[in-house]
Structures are given as structure tokens and as C-alpha cells.
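Engineer: This is start03.tsv (TSV, C-alpha atoms (C1' of nucleotides)).
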chain	number	residue	atom	x	y	z
A	1	MET	CA	56.05	1.78	-35.18
A	2	ILE	CA	52.69	0.56	-36.31
A	3	GLU	CA	53.38	-2.90	-34.90
A	4	LEU	CA	54.18	-1.33	-31.55
A	5	GLN	CA	50.99	0.68	-31.50
A	6	MET	CA	48.94	-2.31	-32.51
A	7	SER	CA	50.35	-4.51	-29.79
A	8	LYS	CA	49.41	-1.92	-27.20
A	9	ILE	CA	45.92	-1.61	-28.60
A	10	ALA	CA	45.42	-5.35	-29.05
A	11	PRO	CA	42.22	-4.93	-31.02
A	12	ARG	CA	39.48	-7.47	-30.49
A	13	ILE	CA	38.18	-8.58	-33.85
A	14	ILE	CA	35.26	-10.78	-34.87
A	15	PHE	CA	35.29	-12.18	-38.41
A	16	MET	CA	32.06	-13.07	-40.17
A	17	GLY	CA	32.13	-15.09	-43.37
A	18	THR	CA	30.95	-18.30	-44.95
A	19	PRO	CA	32.13	-19.48	-48.38
A	20	GLU	CA	35.48	-20.50	-49.78
A	21	TYR	CA	36.38	-17.09	-51.12
A	22	ALA	CA	36.09	-15.51	-47.69
A	23	VAL	CA	38.84	-17.77	-46.34
A	24	PRO	CA	41.83	-15.86	-47.80
A	25	TYR	CA	40.60	-12.73	-46.03
A	26	LEU	CA	40.52	-14.55	-42.70
A	27	GLU	CA	43.95	-16.01	-43.32
A	28	GLY	CA	45.23	-12.59	-44.39
A	29	LEU	CA	44.15	-11.10	-41.07
A	30	ILE	CA	45.79	-13.92	-39.13
A	31	ALA	CA	49.00	-13.69	-41.14
A	32	SER	CA	49.32	-9.98	-40.45
A	33	GLY	CA	48.78	-10.33	-36.71
A	34	LEU	CA	45.12	-9.38	-36.63
A	35	LYS	CA	43.84	-12.76	-35.48
A	36	PRO	CA	40.13	-12.64	-34.68
A	37	GLU	CA	38.84	-13.54	-31.22
A	38	ALA	CA	35.95	-15.39	-32.81
A	39	VAL	CA	34.52	-16.32	-36.18
A	40	ILE	CA	30.84	-16.29	-37.04
A	41	SER	CA	29.72	-18.46	-39.93
A	42	GLN	CA	26.43	-19.81	-41.22
A	43	PRO	CA	25.15	-23.07	-39.75
A	44	ASP	CA	26.42	-26.30	-41.30
A	45	ARG	CA	24.11	-27.30	-44.09
A	46	PRO	CA	23.62	-30.31	-46.37
A	47	VAL	CA	25.89	-29.99	-49.36
A	48	GLY	CA	26.85	-31.89	-52.50
A	49	ARG	CA	25.24	-34.78	-54.32
A	50	LYS	CA	24.97	-36.89	-51.21
A	51	GLN	CA	23.52	-34.03	-49.18
A	52	THR	CA	25.94	-34.67	-46.35
A	53	ILE	CA	26.23	-32.00	-43.68
A	54	GLU	CA	29.53	-30.19	-44.10
A	55	PRO	CA	31.07	-27.35	-42.10
A	56	THR	CA	31.40	-24.08	-44.01
A	57	PRO	CA	34.85	-23.37	-45.50
A	58	VAL	CA	35.33	-20.40	-43.16
A	59	LYS	CA	34.48	-22.56	-40.17
A	60	MET	CA	37.01	-25.17	-41.20
A	61	ALA	CA	39.70	-22.54	-41.62
A	62	ALA	CA	38.89	-20.98	-38.26
A	63	LEU	CA	39.08	-24.30	-36.47
A	64	LYS	CA	42.42	-24.99	-38.11
A	65	TYR	CA	43.77	-21.84	-36.48
A	66	GLY	CA	42.10	-22.59	-33.16
A	67	ILE	CA	39.60	-19.77	-33.36
A	68	PRO	CA	36.21	-20.37	-31.71
A	69	VAL	CA	33.31	-20.48	-34.16
A	70	LEU	CA	29.74	-19.32	-33.63
A	71	GLN	CA	26.99	-20.45	-35.99
A	72	PRO	CA	23.77	-18.65	-35.14
A	73	GLU	CA	20.65	-19.89	-36.89
A	74	ASN	CA	19.14	-16.45	-36.52
A	75	LEU	CA	21.31	-13.42	-35.88
A	76	ARG	CA	18.39	-11.48	-34.45
A	77	ASP	CA	17.99	-13.76	-31.45
A	78	HIS	CA	18.72	-11.89	-28.23
A	79	GLU	CA	20.86	-14.77	-27.04
A	80	TRP	CA	23.28	-14.38	-29.91
A	81	ILE	CA	23.35	-10.62	-29.76
A	82	GLU	CA	24.22	-10.79	-26.08
A	83	LYS	CA	26.80	-13.46	-26.69
A	84	ILE	CA	28.50	-11.34	-29.34
A	85	HIS	CA	28.23	-8.33	-27.08
A	86	SER	CA	30.01	-10.22	-24.35
A	87	LEU	CA	32.97	-10.81	-26.64
A	88	LYS	CA	33.51	-7.03	-26.62
A	89	PRO	CA	34.70	-6.70	-30.20
A	90	ASP	CA	36.36	-3.43	-31.22
A	91	VAL	CA	35.45	-4.15	-34.80
A	92	ILE	CA	33.61	-6.81	-36.80
A	93	VAL	CA	34.92	-7.74	-40.25
A	94	VAL	CA	32.31	-9.11	-42.65
A	95	VAL	CA	33.27	-10.91	-45.85
A	96	ALA	CA	30.52	-12.74	-47.73
A	97	PHE	CA	28.61	-13.81	-44.66
A	98	GLY	CA	25.48	-14.49	-46.66
A	99	GLN	CA	22.86	-12.85	-44.46
A	100	ILE	CA	21.77	-9.34	-43.75
A	101	ILE	CA	23.42	-8.15	-40.55
A	102	PRO	CA	20.77	-6.73	-38.20
A	103	LYS	CA	21.10	-3.23	-36.84
A	104	SER	CA	21.38	-4.57	-33.31
A	105	LEU	CA	24.57	-6.34	-34.30
A	106	LEU	CA	25.98	-3.44	-36.32
A	107	ALA	CA	25.71	-1.29	-33.19
A	108	ILE	CA	27.89	-3.53	-31.02
A	109	PRO	CA	31.51	-2.76	-31.98
A	110	PRO	CA	32.78	0.78	-31.28
A	111	ARG	CA	34.75	0.84	-34.54
A	112	GLY	CA	31.80	-0.53	-36.47
A	113	CYS	CA	31.43	-3.33	-38.97
A	114	VAL	CA	33.96	-3.30	-41.79
A	115	ASN	CA	32.87	-4.95	-45.04
A	116	VAL	CA	34.77	-5.96	-48.15
A	117	HIS	CA	32.77	-5.42	-51.32
A	118	PRO	CA	34.25	-6.56	-54.65
A	119	SER	CA	33.38	-3.52	-56.73
A	120	LEU	CA	34.12	0.18	-56.84
A	121	LEU	CA	31.19	1.37	-54.76
A	122	PRO	CA	28.79	3.03	-55.32
A	123	TYR	CA	28.85	0.94	-58.51
A	124	HIS	CA	27.41	-2.56	-58.40
A	125	ARG	CA	25.94	-2.67	-54.95
A	126	GLY	CA	24.14	-5.89	-54.14
A	127	PRO	CA	24.82	-9.61	-54.18
A	128	SER	CA	26.50	-10.20	-57.57
A	129	PRO	CA	28.94	-7.35	-58.24
A	130	LEU	CA	31.58	-9.43	-60.03
A	131	GLN	CA	29.06	-10.96	-62.41
A	132	GLU	CA	27.49	-7.55	-62.95
A	133	ALA	CA	30.82	-6.05	-63.95
A	134	ILE	CA	31.35	-8.72	-66.60
A	135	LEU	CA	27.76	-8.67	-67.83
A	136	ARG	CA	27.97	-4.92	-68.35
A	137	GLY	CA	31.34	-5.20	-70.08
A	138	ASP	CA	33.12	-2.97	-67.55
A	139	THR	CA	36.77	-2.32	-68.35
A	140	ASN	CA	37.63	-1.36	-64.81
A	141	GLY	CA	36.88	-3.04	-61.50
A	142	GLY	CA	38.07	-2.99	-57.93
A	143	VAL	CA	37.57	-3.63	-54.26
A	144	THR	CA	36.03	-1.43	-51.61
A	145	ILE	CA	36.53	-1.54	-47.86
A	146	MET	CA	33.59	0.18	-46.20
A	147	LEU	CA	31.73	0.67	-42.96
A	148	MET	CA	28.38	-1.05	-42.91
A	149	ASP	CA	25.16	0.75	-42.11
A	150	GLU	CA	21.57	-0.42	-42.17
A	151	LYS	CA	21.27	-0.18	-45.94
A	152	VAL	CA	22.99	-2.81	-48.06
A	153	ASP	CA	26.38	-1.69	-49.43
A	154	HIS	CA	25.48	1.89	-48.64
A	155	GLY	CA	27.84	2.84	-45.81
A	156	PRO	CA	30.83	5.21	-45.89
A	157	LEU	CA	33.99	4.24	-47.75
A	158	LEU	CA	37.28	3.59	-46.00
A	159	HIS	CA	39.47	2.64	-48.94
A	160	GLN	CA	39.30	1.47	-52.54
A	161	ALA	CA	41.68	-0.10	-55.04
A	162	SER	CA	41.03	-0.63	-58.73
A	163	PHE	CA	42.37	-2.75	-61.55
A	164	PRO	CA	41.57	-3.29	-65.23
A	165	ILE	CA	39.09	-5.96	-66.30
A	166	ASP	CA	40.28	-7.90	-69.35
A	167	ALA	CA	38.15	-8.46	-72.43
A	168	ASN	CA	38.14	-12.21	-71.78
A	169	GLU	CA	37.73	-11.97	-68.02
A	170	THR	CA	35.64	-14.68	-66.38
A	171	TYR	CA	33.96	-14.71	-63.00
A	172	GLU	CA	36.70	-16.90	-61.65
A	173	THR	CA	39.64	-14.89	-62.95
A	174	LEU	CA	37.99	-11.72	-61.73
A	175	ARG	CA	37.45	-13.20	-58.31
A	176	GLU	CA	41.11	-14.17	-58.12
A	177	LYS	CA	42.13	-10.64	-59.02
A	178	THR	CA	39.72	-9.26	-56.48
A	179	THR	CA	41.04	-11.51	-53.74
A	180	SER	CA	44.69	-10.81	-54.36
A	181	CYS	CA	43.91	-7.11	-54.40
A	182	GLY	CA	41.40	-7.18	-51.56
A	183	VAL	CA	43.22	-9.22	-48.92
A	184	PRO	CA	46.15	-6.84	-48.44
A	185	LEU	CA	43.79	-3.90	-48.82
A	186	LEU	CA	41.62	-5.17	-45.99
A	187	THR	CA	44.45	-5.72	-43.54
A	188	ALA	CA	46.10	-2.40	-44.34
A	189	THR	CA	42.83	-0.51	-44.17
A	190	LEU	CA	41.79	-2.21	-40.96
A	191	ARG	CA	45.04	-1.26	-39.26
A	192	ASP	CA	44.68	2.36	-40.30
A	193	TRP	CA	41.05	2.44	-39.34
A	194	LEU	CA	41.72	1.03	-35.88
A	195	VAL	CA	44.27	3.74	-35.15
A	196	GLU	CA	41.93	6.41	-36.51
A	197	LYS	CA	44.05	7.29	-39.52
A	198	ILE	CA	41.13	7.16	-41.92
A	199	THR	CA	38.22	9.53	-42.38
A	200	PRO	CA	35.22	7.69	-43.81
A	201	GLN	CA	33.68	9.22	-46.91
A	202	MET	CA	30.03	9.03	-47.80
A	203	GLN	CA	29.07	7.32	-51.04
A	204	ASP	CA	27.48	9.27	-53.85
A	205	ASP	CA	24.07	7.62	-53.87
A	206	ASP	CA	23.11	9.22	-57.17
A	207	GLU	CA	25.84	7.25	-58.90
A	208	ALA	CA	24.85	3.91	-57.41
A	209	THR	CA	24.13	0.89	-59.59
A	210	PHE	CA	22.76	-2.41	-58.36
A	211	SER	CA	23.35	-6.08	-59.08
A	212	ARG	CA	20.63	-8.66	-58.74
A	213	LEU	CA	20.53	-11.83	-56.74
A	214	LEU	CA	21.27	-14.55	-59.27
A	215	THR	CA	18.97	-17.55	-59.49
A	216	ARG	CA	19.17	-20.83	-61.34
A	217	ASP	CA	17.13	-19.36	-64.13
A	218	SER	CA	19.67	-16.60	-64.70
A	219	GLY	CA	21.83	-19.10	-66.55
A	220	LYS	CA	19.35	-20.20	-69.19
A	221	ILE	CA	20.57	-18.84	-72.51
A	222	SER	CA	18.26	-16.93	-74.82
A	223	TRP	CA	19.54	-17.33	-78.36
A	224	GLU	CA	17.61	-14.23	-79.35
A	225	LEU	CA	20.33	-12.16	-77.72
A	226	SER	CA	23.49	-11.06	-79.47
A	227	SER	CA	26.54	-13.27	-79.44
A	228	ASP	CA	28.34	-10.53	-77.47
A	229	ASP	CA	25.73	-10.63	-74.73
A	230	ILE	CA	25.76	-14.41	-74.58
A	231	GLU	CA	29.53	-14.55	-74.42
A	232	ARG	CA	29.49	-12.14	-71.48
A	233	SER	CA	26.90	-14.31	-69.74
A	234	VAL	CA	29.07	-17.36	-70.22
A	235	ARG	CA	32.06	-15.55	-68.74
A	236	ALA	CA	30.06	-14.08	-65.87
A	237	LEU	CA	27.79	-16.89	-64.77
A	238	ASN	CA	30.07	-19.91	-64.60
A	239	PRO	CA	30.48	-21.95	-62.51
A	240	TRP	CA	27.26	-20.81	-60.82
A	241	PRO	CA	24.47	-20.71	-61.83
A	242	GLY	CA	26.11	-21.82	-65.07
A	243	THR	CA	24.97	-21.08	-68.61
A	244	TRP	CA	22.94	-23.75	-70.36
A	245	THR	CA	20.54	-24.51	-73.12
A	246	THR	CA	18.45	-27.48	-74.20
A	247	CYS	CA	19.25	-29.54	-77.28
A	248	LYS	CA	16.98	-32.45	-78.23
A	249	ASP	CA	15.57	-32.45	-74.70
A	250	LYS	CA	19.00	-32.73	-73.21
A	251	ARG	CA	20.52	-30.08	-71.04
A	252	VAL	CA	23.78	-28.72	-72.38
A	253	LYS	CA	26.04	-26.50	-70.32
A	254	ILE	CA	28.14	-23.97	-72.20
A	255	LEU	CA	31.36	-23.59	-70.25
A	256	GLU	CA	33.46	-21.52	-72.61
A	257	ALA	CA	32.57	-19.65	-75.78
A	258	TYR	CA	33.50	-16.61	-77.75
A	259	SER	CA	31.50	-14.21	-79.82
A	260	ILE	CA	32.01	-13.64	-83.53
A	261	PRO	CA	29.72	-10.64	-84.03
A	262	THR	CA	30.53	-10.31	-87.72
A	263	MET	CA	29.77	-13.93	-88.63
A	264	ILE	CA	26.35	-14.25	-90.15
A	265	SER	CA	24.68	-17.52	-91.13
A	266	ASP	CA	21.35	-18.62	-92.56
A	267	HIS	CA	20.70	-20.89	-89.61
A	268	GLU	CA	17.77	-20.41	-87.29
A	269	ARG	CA	18.70	-18.91	-83.95
A	270	GLY	CA	20.01	-21.56	-81.58
A	271	THR	CA	21.10	-23.95	-84.33
A	272	LEU	CA	24.34	-25.86	-83.84
A	273	PHE	CA	26.45	-25.98	-86.98
A	274	GLN	CA	29.91	-26.44	-88.41
A	275	THR	CA	31.71	-24.85	-91.31
A	276	THR	CA	33.78	-26.67	-93.90
A	277	ASP	CA	36.89	-24.61	-93.32
A	278	LYS	CA	37.04	-24.98	-89.54
A	279	GLN	CA	36.05	-28.54	-88.83
A	280	ASN	CA	37.10	-28.58	-85.21
A	281	GLN	CA	34.88	-25.66	-84.31
A	282	LEU	CA	31.31	-25.67	-83.17
A	283	PHE	CA	29.09	-22.69	-83.90
A	284	ILE	CA	25.66	-21.64	-82.82
A	285	ALA	CA	23.53	-18.95	-84.41
A	286	CYS	CA	22.47	-16.03	-82.20
A	287	GLY	CA	20.11	-13.08	-82.53
A	288	ILE	CA	23.03	-11.02	-83.74
A	289	GLY	CA	26.28	-12.71	-84.72
A	290	THR	CA	27.52	-16.22	-84.03
A	291	LEU	CA	28.88	-17.89	-80.93
A	292	SER	CA	31.82	-20.26	-81.18
A	293	ILE	CA	31.60	-22.84	-78.41
A	294	SER	CA	34.90	-24.20	-77.18
A	295	ARG	CA	33.95	-26.17	-74.05
A	296	LEU	CA	30.57	-27.70	-73.28
A	297	GLN	CA	28.95	-30.47	-71.26
A	298	LEU	CA	26.01	-32.73	-71.97
A	299	GLU	CA	23.98	-33.74	-68.93
A	300	GLY	CA	25.46	-36.77	-67.22
A	301	LYS	CA	28.66	-36.52	-69.25
A	302	LYS	CA	32.01	-34.91	-68.77
A	303	VAL	CA	33.08	-31.51	-70.01
A	304	LEU	CA	34.25	-31.76	-73.63
A	305	SER	CA	36.17	-29.60	-76.03
A	306	ALA	CA	34.35	-28.68	-79.23
A	307	LYS	CA	36.52	-31.17	-81.11
A	308	ASP	CA	35.67	-34.11	-78.85
A	309	PHE	CA	32.01	-33.16	-78.84
A	310	ILE	CA	31.90	-33.11	-82.62
A	311	ALA	CA	33.59	-36.53	-82.78
A	312	GLY	CA	30.92	-38.22	-80.70
A	313	HIS	CA	27.74	-36.21	-81.20
A	314	GLN	CA	27.27	-35.80	-84.93
A	315	GLY	CA	23.58	-36.41	-84.35
A	316	LEU	CA	23.15	-33.20	-82.40
A	317	ILE	CA	24.80	-30.98	-84.97
A	318	GLY	CA	22.22	-29.28	-87.10
A	319	SER	CA	19.57	-29.36	-84.39
A	320	THR	CA	18.28	-26.26	-82.69
A	321	CYS	CA	18.76	-25.43	-79.04
A	322	VAL	CA	16.01	-23.74	-77.10
B	1	C	C1'	17.82	-44.22	-48.32
B	2	G	C1'	16.47	-36.99	-52.47
B	3	C	C1'	15.84	-37.76	-58.49
B	4	G	C1'	18.62	-39.19	-62.83
B	5	G	C1'	22.68	-40.22	-66.66
B	6	G	C1'	27.34	-42.62	-67.55
B	7	G	C1'	32.30	-46.05	-67.50
B	8	U	C1'	33.37	-49.78	-74.80
B	9	G	C1'	41.25	-49.36	-78.83
B	10	G	C1'	44.77	-42.81	-77.61
B	11	A	C1'	39.84	-38.99	-77.67
B	12	G	C1'	34.57	-38.77	-78.10
B	13	A	C1'	30.36	-41.93	-79.14
B	14	A	C1'	26.92	-46.37	-81.05
B	15	G	C1'	25.78	-51.23	-79.67
B	16	U	C1'	22.84	-53.27	-73.96
B	17	C	C1'	15.77	-53.39	-74.11
B	18	U	C1'	15.52	-58.44	-77.90
B	19	G	C1'	22.71	-62.63	-75.65
B	20	G	C1'	25.56	-64.84	-81.37
B	21	C	C1'	32.11	-62.13	-85.81
B	22	A	C1'	33.90	-55.11	-81.97
B	23	U	C1'	30.87	-50.50	-85.15
B	24	C	C1'	31.11	-44.95	-86.09
B	25	U	C1'	33.52	-39.89	-86.12
B	26	C	C1'	38.47	-38.54	-85.05
B	27	G	C1'	43.63	-39.31	-83.70
B	28	C	C1'	48.05	-42.37	-84.68
B	29	U	C1'	51.53	-45.35	-88.30
B	30	U	C1'	52.69	-46.41	-93.37
B	31	G	C1'	52.01	-45.60	-98.52
B	32	G	C1'	49.70	-42.61	-102.50
B	33	C	C1'	47.94	-37.95	-104.78
B	34	U	C1'	49.42	-32.83	-104.69
B	35	C	C1'	53.70	-26.83	-105.89
B	36	A	C1'	51.64	-27.53	-101.09
B	37	U	C1'	48.28	-28.50	-96.91
B	38	A	C1'	44.78	-28.64	-91.47
B	39	A	C1'	42.30	-31.30	-97.66
B	40	C	C1'	41.70	-36.08	-100.51
B	41	C	C1'	42.65	-41.66	-101.57
B	42	A	C1'	44.50	-46.51	-99.77
B	43	A	C1'	46.41	-49.87	-96.22
B	44	G	C1'	47.64	-50.81	-91.02
B	45	A	C1'	48.40	-50.92	-85.69
B	46	G	C1'	45.80	-50.38	-81.35
B	47	A	C1'	40.24	-53.22	-76.75
B	48	U	C1'	41.19	-58.47	-70.82
B	49	C	C1'	33.93	-53.64	-73.15
B	50	G	C1'	35.10	-50.09	-64.85
B	51	U	C1'	36.01	-54.42	-60.96
B	52	G	C1'	34.49	-59.19	-58.76
B	53	G	C1'	31.12	-63.10	-58.84
B	54	G	C1'	26.76	-65.72	-61.12
B	55	U	C1'	23.38	-67.69	-65.32
B	56	U	C1'	24.34	-69.76	-70.38
B	57	C	C1'	26.71	-73.88	-75.63
B	58	A	C1'	27.70	-68.58	-75.91
B	59	A	C1'	27.72	-62.24	-72.08
B	60	A	C1'	29.69	-55.39	-73.70
B	61	U	C1'	24.49	-57.25	-73.59
B	62	C	C1'	20.82	-60.98	-68.45
B	63	C	C1'	21.31	-61.43	-62.54
B	64	C	C1'	23.99	-59.95	-57.77
B	65	A	C1'	27.74	-57.03	-55.30
B	66	C	C1'	31.37	-53.22	-55.39
B	67	C	C1'	34.51	-48.91	-57.33
B	68	C	C1'	34.70	-44.37	-60.09
B	69	C	C1'	32.68	-39.95	-63.09
B	70	C	C1'	28.69	-36.55	-64.05
B	71	G	C1'	23.58	-33.74	-64.59
B	72	C	C1'	19.44	-32.12	-61.42
B	73	A	C1'	18.24	-30.80	-56.60
B	74	A	C1'	19.90	-28.46	-51.87
Here is the file; what I need is its structure written in the form of C-alpha cells.

Structural biologist:
Amino acid sequence: MIELQMSKIAPRIIFMGTPEYAVPYLEGLIASGLKPEAVISQPDRPVGRKQTIEPTPVKMAALKYGIPVLQPENLRDHEWIEKIHSLKPDVIVVVAFGQIIPKSLLAIPPRGCVNVHPSLLPYHRGPSPLQEAILRGDTNGGVTIMLMDEKVDHGPLLHQASFPIDANETYETLREKTTSCGVPLLTATLRDWLVEKITPQMQDDDEATFSRLLTRDSGKISWELSSDDIERSVRALNPWPGTWTTCKDKRVKILEAYSIPTMISDHERGTLFQTTDKQNQLFIACGIGTLSISRLQLEGKKVLSAKDFIAGHQGLIGSTCV
RNA sequence: CGCGGGGUGGAGAAGUCUGGCAUCUCGCUUGGCUCAUAACCAAGAGAUCGUGGGUUCAAAUCCCACCCCCGCAA
């Protein structure tokens, strides 16, 4: 029945997105018969060590499916607004586009701009909701499909789904969960929304919490903090911006670690040490408790397990990281 | 030409500047000690030092070219 209705309606959809994790949403729409008329992605930019210009992941996916791609340098330009207008979209779907969508663009589609936000709005509005959930130690997370308005992550809700967040959840595992939950939710919600089966509900602004835009500096570890806090940072901030410290003037990334809040040592905060009973483990003293480091990387070198690191870097053990 | 580090037995490192016997911490094999062990002791195997060329009596080390990995930056 739904299929029949949809084919009559033949909705015109524009998809806006940029990074890798927006691709499954685009593919989900295509797979369920909601193939966009056009895709808008950020301009190609220099990327990687060689700074070669590469198309965005969403652009590459779109081209693979033969969907035309627009890459406006500035969305506010009248040219682009008119161009998008001329495509006569019924709805625009936005997944991690990476720029604020101007009001003039939000006003174009009659069914509005539908956004996927990886948190249970109004909690964790803003640019880093997944990281925020882990940093705060949330035990529950989810995905929200919402209508965009002129304030960021503020518009009315169309649908939400939730799931538990594990105690050892990392950014990457949480993102996988979010994607596998969010992709079907988006397509189902979009279908219902297009046939007017959903009544949008306003968010409770009083309950809103906000996540910050992460910067490179967000990943620098302060050993004054508790081992619990540092462990959460390690789980939340890898692979980007990454968590790191400096040991004997060398940058050391901490890729995986777990907190032992009850373990107390005499070492100065930030000191790398071993214990006689667990010789394959690498510890570091924190403000409160001790962090056990299981995977780490010295600048210019490969990622190592604690055991391999200990084998080759005896000289660093006993020194203090800052 | 964005800046920089690296490739050495199975793992991780030192040695390279200043050319001269292949080193360290592990792992592995065998034997020993032990009620026992991830502990300890002893012996042993295992390497064309990323690839190709050059210099030299002699190259992991110096010179040239190439391949691969990574940190920063974006």
C-alpha cells in the first residue's frame, strides 16, 4: 500500500552530506526507493599527508549511483539558492553536511529539511553528540530525526529511537550503533513524513544540553584528572582528535586504556610505571586512580600493544608525561 | 615540491653522526630448579640489516635512486 502511494507521489528529494558516515544514510534512501534527485556536498578539499584534492565520500557514493552532485562554495550565494530552488525538492535530507544551512535554503522545500542527529534531542545538541555522550558517561543514547529550523538542532522532532550505551563504548562503536539504528529510522520516518502521517513535536528547550566543537587541543590529556575521566576521553575522542600526551618531548597517542580507580601508587601524576606482578601491563598515575594503557603509539611509529611497547622502550618507563 | 620520524632474527628496540666480530628487552626450543607457575637458572635455534646501484681492503653505517609505514599539518 505504502509503495503504491509513494510511487504516485514520487517525492523529489535532495540529500546533503559530506563525510564517510553520511554515506550509509544516502545508500539507505536509495535502497528503499527514495533515490535523491541531487546530492549536495562540500567542495573537494586537500586531504591526507600528500594534500591531494579528493572528492568527499558522499560525492563519490552519489556519482556511483549516477546522482548529480552540487558542491557550492557558499550556500548563501543567490545562484545556488536559485539552482536548488529550480530542482523543486519536496524535502531536503541533511546528514552531517558540515555547514550551517541558511534560512533561505531551509525555506525552499515544502516538507522542510529533515535532519538526522545522533542523540536523543534535546540532549546533546551541537557538533559532537556522540563524544559528549561518552564523556558524560551516559548509559543510554539514540538517534533523532527532526525538522530543521534556524537554530541549530532546535527544530521539532519527527521520530526517535534509543539504545543502551555500554560501559566500554568507544566513539567508533557508538557511531556504528547509531548508523545501524539511524538508517532504517530515517527511511521509515521520511516515508511517513512525506505522506503526512507524523505530527512534529516541539523540543523541550529547558532540558537541552550542548556539545562543543572539538578541536585538536581537546585531545591533550591532563593527568590531573581522574583515571575514570581520562578513560572516557580515550574512548570518546579517538580517532579524532585523538588523545595524547608528551613523554620525553615525544608525542604519545593513547589509543586504548582502562581506568583502575582503586589502584593507588606513590608515583607523580603522569608517570609511566610497571608492577612486578603484571609485567605485560603499562600503568600511568592519574589525579585519582591509575590508568592501564593497552594500546599506544609513539610519534612516527606504529601502534603498539603495552607488551610490545615495554619490550622496546624501557627507557621511557619511569619518566613522567606532561 | 607543506614539516618531520621510521623500515635491523617471530615481536618491539639500540647501533648509523665517527665504516671494522649482530647488541638489548621479550617470544620460541631444549634442559634444570620447584608441590607448582605467568617466576627463577642454564644452553640453543633463528637475520641476504626495506629494494637496486655506487664508493671502499671492508658498508646496517657514507653517496644516488626507488618502494613501504607513521607523527604533525590541512

Engineer: Enumerate, in order of chain and increasing residue number, the residues of chain B with an atom no farther than 9 Å from chain A, each with its shortest atom pair and distance in Å to one decimal, counting all atoms listed in the file, as a tab-separated table.

Structural biologist:
residue	atom	partner	partner_atom	distance
B:G2	C1'	A:Gln51	CA	8.3
B:G4	C1'	A:Gly300	CA	8.5
B:G5	C1'	A:Gly300	CA	4.5
B:G6	C1'	A:Gly300	CA	6.2
B:A11	C1'	A:Asp308	CA	6.5
B:G12	C1'	A:Gly312	CA	4.5
B:A13	C1'	A:Gly312	CA	4.1
B:C24	C1'	A:Gly312	CA	8.6
B:U25	C1'	A:Ala311	CA	4.7
B:C26	C1'	A:Ala311	CA	5.7
B:A38	C1'	A:Lys278	CA	8.8
B:C69	C1'	A:Lys302	CA	7.6
B:C70	C1'	A:Gly300	CA	4.5
B:G71	C1'	A:Glu299	CA	4.4
B:C72	C1'	A:Glu299	CA	8.9
B:A73	C1'	A:Arg49	CA	8.4
B:A74	C1'	A:Val47	CA	6.7

Engineer: Excluding A22 of chain B and residues on its chain fewer than 3 positions from it, collect all residues at most 9 Å away from it, counting all atoms listed in the file, and give them as a PyMOL selection string.

Structural biologist: chain B and resi 8+47+49

Engineer: Identify, on the basis of all atoms listed in the file, every residue whose closest approach to Gly66 of chain A does not exceed 12 Å; exclude the query and any residue fewer than 2 positions from it along the same chain; express the result as a list in words.

Structural biologist: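 In the requested format, the answer is Ile30, Lys35, Pro36, Glu37, Ala38, Val39, Lys59, Met60, Ala61, Ala62, Leu63, Lys64, Pro68 and Val69 of chain A.
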
Engineer: What gap, in Å, lies between atom CA of Asn140 of chain A and atom CA of Leu120 of chain A?

Structural biologist: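 Rounded to one decimal, the two atoms are 8.8 Å apart.
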
Engineer: Need to verify the contact set: G44 of chain B, 12 Å, only C-alpha atoms (C1' of nucleotides), exclusion of same-chain residues closer than 5 positions in sequence. Can you return it as a PDB file with C-alpha atoms (C1' of nucleotides), in the coordinates of the input?

Structural biologist:
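Saved as result_34.pdb:
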ATOM      1  C1'   C B  28      48.050 -42.370 -84.680  1.00  0.00           C
ATOM      2  C1'   U B  29      51.530 -45.350 -88.300  1.00  0.00           C
ATOM      3  C1'   U B  30      52.690 -46.410 -93.370  1.00  0.00           C
ATOM      4  C1'   G B  31      52.010 -45.600 -98.520  1.00  0.00           C
TER       5        G B  31
END

Engineer: So that I can see what lies close to G50 of chain B, please list as a list in words the residues with an atom at most 9 Å from it, counting all atoms listed in the file and leaving out residues fewer than 5 positions away in the same chain.

Structural biologist: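 The residues satisfying every condition are G7, C67 and C68 of chain B.
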
Engineer: Neighbouring residues of Thr243 of chain A were defined as those with any atom within 6 Å, considering only C-alpha atoms (C1' of nucleotides); residues of the same chain fewer than 3 positions away were excluded. Please report them as a PyMOL selection string.

Structural biologist: chain A and resi 219-220+234+253-254

Engineer: Using all atoms listed in the file, give me every residue within 9 Å of (23.6, -1.8, -43.7) in file coordinates, as a PyMOL selection string.

Structural biologist: chain A and resi 100-103+106+147-155

Engineer: Of the candidates A:Ile53, A:Ala22, A:Leu194, A:Leu105, which shows the shortest atom-to-atom distance to Trp80 of chain A, using all atoms listed in the file?

Structural biologist: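 Result for the nearest residue to Trp80 of chain A: A:Leu105.
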
Engineer: What gap, in Å, lies between atom C1' of C62 of chain B and atom C1' of G20 of chain B?

Structural biologist: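 It comes out at 14.3 Å.
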
Engineer: Could you put an axis-aligned box around every listed atom of segment 58-69 of chain B, padded by 6 Å on each side, and send me its centre and edge lengths in Å to one decimal, as JSON?

Structural biologist:
{"center_x": 27.8, "center_y": -54.3, "center_z": -65.6, "size_x": 25.9, "size_y": 40.6, "size_z": 32.6}
